[in-house]
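Since the structure comes first, as structure tokens, the remarks are kept for the end.
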Amino acid sequence: MSLNGSDVLAWLLGGLVILLASSQILMKKNPTRTITRIIRRTKYKDYLPYILAQSKLETGNFTSRLALEEKNLFGMGVPTKRKSLRIDTYLAPNGENFSVYKNWDDSVKDYLLYLEEFNFPTNLNTCRQFAQKLKDQGYATDPDYVNKIVKVCEG
């Protein structure tokens, strides 16, 4: 079987369409890209490296059940007063309740709602200042939370 020029062109274009579709699927399934895409459009864009470090810490570098199955990229608990984009709750083996999201986009947007609820400042200059502010606002109970985020930032 021989291919003429138009057959080859059609075959190449078909392959290109499949390649582009695959890359779009992969981009959407990458939590770092999801976080980056959303955070870069906000007033918190300068905190992107710190936010990524926090997310990596909270999700075991995006390998935890919370990140993969529950679509929770920040270890977000279940809010009692503020508006939330969660669709369900997940009771972890340690007894903690976490928010479940439809997708990673909603997880990131809910994290932004949290920052807005607490009027999170936009003038922090270091990862340590960022992590300390989160800790001071009660985001985590781990006494070493600040140092752990800083370690991920520096790694």
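Following the order of the structure tokens, first chain is A, next is B, and so on, with residues numbered from 1 inside each chain and ligands from 1 in the order they appear.
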Using only C-alpha atoms, I'd like a table of the residues in stretch 23-60 of chain A that come within 12 Å of stretch 122-144 of chain A; for each, show the closest atom pair and its distance in Å rounded to one decimal, ordered by chain and ascending number, as a tab-separated table.
```
residue	atom	partner	partner_atom	distance
A:Thr42	CA	A:Thr122	CA	10.5
A:Lys43	CA	A:Thr122	CA	7.1
A:Tyr44	CA	A:Thr122	CA	6.4
A:Lys45	CA	A:Thr122	CA	9.2
A:Asp46	CA	A:Thr122	CA	8.2
A:Tyr47	CA	A:Phe130	CA	7.9
A:Leu48	CA	A:Cys127	CA	10.0
A:Pro49	CA	A:Cys127	CA	8.1
A:Tyr50	CA	A:Cys127	CA	5.5
A:Ile51	CA	A:Phe130	CA	8.8
A:Leu52	CA	A:Cys127	CA	10.7
A:Ala53	CA	A:Cys127	CA	8.9
A:Gln54	CA	A:Ala131	CA	8.0
A:Ser55	CA	A:Ala131	CA	11.7
A:Leu57	CA	A:Ala131	CA	11.5
A:Glu58	CA	A:Ala140	CA	10.0
```
Same residues, N, CA, C and O atoms, output as a PDB file, in the first residue's frame:
```
ATOM      1  N   THR A  42      -3.770  35.509  40.707  1.00  0.00           N
ATOM      2  CA  THR A  42      -4.294  36.096  41.940  1.00  0.00           C
ATOM      3  C   THR A  42      -3.282  37.050  42.573  1.00  0.00           C
ATOM      4  O   THR A  42      -2.119  37.103  42.165  1.00  0.00           O
ATOM      5  N   LYS A  43      -3.729  37.728  43.594  1.00  0.00           N
ATOM      6  CA  LYS A  43      -2.824  38.630  44.321  1.00  0.00           C
ATOM      7  C   LYS A  43      -1.778  37.861  45.126  1.00  0.00           C
ATOM      8  O   LYS A  43      -0.850  38.445  45.657  1.00  0.00           O
ATOM      9  N   TYR A  44      -1.919  36.544  45.197  1.00  0.00           N
ATOM     10  CA  TYR A  44      -0.969  35.707  45.930  1.00  0.00           C
ATOM     11  C   TYR A  44       0.091  35.102  45.019  1.00  0.00           C
ATOM     12  O   TYR A  44       0.834  34.208  45.424  1.00  0.00           O
ATOM     13  N   LYS A  45       0.204  35.587  43.792  1.00  0.00           N
ATOM     14  CA  LYS A  45       1.121  35.002  42.801  1.00  0.00           C
ATOM     15  C   LYS A  45       2.572  35.003  43.268  1.00  0.00           C
ATOM     16  O   LYS A  45       3.333  34.096  42.930  1.00  0.00           O
ATOM     17  N   ASP A  46       2.970  35.990  44.062  1.00  0.00           N
ATOM     18  CA  ASP A  46       4.352  36.019  44.555  1.00  0.00           C
ATOM     19  C   ASP A  46       4.631  34.895  45.553  1.00  0.00           C
ATOM     20  O   ASP A  46       5.785  34.568  45.822  1.00  0.00           O
ATOM     21  N   TYR A  47       3.584  34.313  46.100  1.00  0.00           N
ATOM     22  CA  TYR A  47       3.728  33.219  47.063  1.00  0.00           C
ATOM     23  C   TYR A  47       3.723  31.844  46.400  1.00  0.00           C
ATOM     24  O   TYR A  47       3.755  30.825  47.089  1.00  0.00           O
ATOM     25  N   LEU A  48       3.687  31.805  45.081  1.00  0.00           N
ATOM     26  CA  LEU A  48       3.565  30.526  44.379  1.00  0.00           C
ATOM     27  C   LEU A  48       4.573  29.478  44.860  1.00  0.00           C
ATOM     28  O   LEU A  48       4.175  28.351  45.160  1.00  0.00           O
ATOM     29  N   PRO A  49       5.865  29.793  45.001  1.00  0.00           N
ATOM     30  CA  PRO A  49       6.793  28.752  45.476  1.00  0.00           C
ATOM     31  C   PRO A  49       6.443  28.246  46.888  1.00  0.00           C
ATOM     32  O   PRO A  49       6.598  27.064  47.183  1.00  0.00           O
ATOM     33  N   TYR A  50       5.946  29.130  47.727  1.00  0.00           N
ATOM     34  CA  TYR A  50       5.586  28.755  49.094  1.00  0.00           C
ATOM     35  C   TYR A  50       4.314  27.899  49.092  1.00  0.00           C
ATOM     36  O   TYR A  50       4.204  26.922  49.842  1.00  0.00           O
ATOM     37  N   ILE A  51       3.359  28.279  48.259  1.00  0.00           N
ATOM     38  CA  ILE A  51       2.099  27.542  48.165  1.00  0.00           C
ATOM     39  C   ILE A  51       2.351  26.140  47.602  1.00  0.00           C
ATOM     40  O   ILE A  51       1.785  25.154  48.083  1.00  0.00           O
ATOM     41  N   LEU A  52       3.229  26.051  46.615  1.00  0.00           N
ATOM     42  CA  LEU A  52       3.589  24.732  46.073  1.00  0.00           C
ATOM     43  C   LEU A  52       4.276  23.886  47.144  1.00  0.00           C
ATOM     44  O   LEU A  52       3.988  22.696  47.275  1.00  0.00           O
ATOM     45  N   ALA A  53       5.159  24.490  47.908  1.00  0.00           N
ATOM     46  CA  ALA A  53       5.840  23.760  48.986  1.00  0.00           C
ATOM     47  C   ALA A  53       4.832  23.271  50.016  1.00  0.00           C
ATOM     48  O   ALA A  53       4.902  22.117  50.471  1.00  0.00           O
ATOM     49  N   GLN A  54       3.893  24.113  50.384  1.00  0.00           N
ATOM     50  CA  GLN A  54       2.874  23.715  51.348  1.00  0.00           C
ATOM     51  C   GLN A  54       2.054  22.553  50.807  1.00  0.00           C
ATOM     52  O   GLN A  54       1.799  21.572  51.505  1.00  0.00           O
ATOM     53  N   SER A  55       1.661  22.643  49.548  1.00  0.00           N
ATOM     54  CA  SER A  55       0.866  21.575  48.944  1.00  0.00           C
ATOM     55  C   SER A  55       1.646  20.262  48.890  1.00  0.00           C
ATOM     56  O   SER A  55       1.112  19.195  49.194  1.00  0.00           O
ATOM     57  N   LEU A  57       4.027  19.352  50.894  1.00  0.00           N
ATOM     58  CA  LEU A  57       4.102  18.848  52.260  1.00  0.00           C
ATOM     59  C   LEU A  57       2.791  18.174  52.655  1.00  0.00           C
ATOM     60  O   LEU A  57       2.778  17.066  53.192  1.00  0.00           O
ATOM     61  N   GLU A  58       1.701  18.831  52.381  1.00  0.00           N
ATOM     62  CA  GLU A  58       0.382  18.325  52.792  1.00  0.00           C
ATOM     63  C   GLU A  58      -0.013  17.027  52.079  1.00  0.00           C
ATOM     64  O   GLU A  58      -0.812  16.263  52.599  1.00  0.00           O
TER      65      GLU A  58
END
```
Surrounding residues of A:Arg65 excluding itself and chain neighbours under 5 positions, 12 Å, only C-alpha atoms, as a PyMOL selection string: chain A and resi 58-60+70-73+75+90-93+98+100
When DSSP is applied to the backbone of this structure, which of chain A are assigned strand (DSSP E)? Write them out as a PyMOL selection string. chain A and resi 88-91+97-100
So which residues touch A:Tyr114 within 10 Å, counting only C-alpha atoms, skipping near sequence neighbours fewer than 5 positions away, as a PyMOL selection string? chain A and resi 76+79+82-84+108-109+119-120+139
Residues as selected, N, CA, C and O atoms, written as a short mmCIF file (atom, residue, chain, number, x, y, z; two decimals), in the first residue's frame, can you do that?
```
data_model
loop_
_atom_site.label_atom_id
_atom_site.label_comp_id
_atom_site.auth_asym_id
_atom_site.auth_seq_id
_atom_site.Cartn_x
_atom_site.Cartn_y
_atom_site.Cartn_z
N MET A 76 -6.99 20.51 53.33
CA MET A 76 -8.05 21.37 53.85
C MET A 76 -9.03 20.55 54.68
O MET A 76 -9.56 19.54 54.23
N PRO A 79 -14.56 23.17 56.71
CA PRO A 79 -14.87 24.45 57.35
C PRO A 79 -16.25 24.42 57.98
O PRO A 79 -17.16 23.77 57.48
N ARG A 82 -17.01 29.29 57.01
CA ARG A 82 -16.77 29.96 55.72
C ARG A 82 -17.37 29.18 54.56
O ARG A 82 -17.60 27.98 54.65
N LYS A 83 -17.57 29.90 53.46
CA LYS A 83 -18.02 29.28 52.22
C LYS A 83 -16.94 28.31 51.76
O LYS A 83 -15.75 28.56 51.93
N SER A 84 -17.36 27.20 51.15
CA SER A 84 -16.41 26.20 50.69
C SER A 84 -16.89 25.58 49.39
O SER A 84 -18.10 25.52 49.12
N VAL A 108 -7.87 24.21 44.80
CA VAL A 108 -7.04 25.43 44.81
C VAL A 108 -7.92 26.65 45.07
O VAL A 108 -7.56 27.53 45.86
N LYS A 109 -9.07 26.71 44.43
CA LYS A 109 -9.97 27.85 44.62
C LYS A 109 -10.49 27.90 46.06
O LYS A 109 -10.65 28.99 46.63
N ASN A 119 -8.04 37.25 55.46
CA ASN A 119 -7.32 38.44 55.00
C ASN A 119 -5.82 38.22 55.01
O ASN A 119 -5.05 39.01 55.56
N PHE A 120 -5.41 37.11 54.40
CA PHE A 120 -4.00 36.75 54.38
C PHE A 120 -3.19 37.88 53.74
O PHE A 120 -3.53 38.35 52.66
N TYR A 139 -3.77 27.05 60.72
CA TYR A 139 -3.89 26.14 59.58
C TYR A 139 -3.45 24.72 59.95
O TYR A 139 -4.03 23.75 59.48
#
```
List every residue of stretch 71-150 of chain A that DSSP, applied to the backbone, labels as alpha helix (DSSP H), and write the result as a PyMOL selection string. chain A and resi 104-117+127-136+145-150
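Coordinates place atom CA of A:Lys102 at a distance of 6.5 Å from atom CA of A:Ile87.
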Determine the nearest neighbour of A:Val78 from the options A:Leu112, A:Lys29, A:Asn97, A:Gly155, counting only C-alpha atoms.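 Going through A:Leu112, A:Lys29, A:Asn97, A:Gly155 one by one, the smallest distance to A:Val78 is for A:Asn97.
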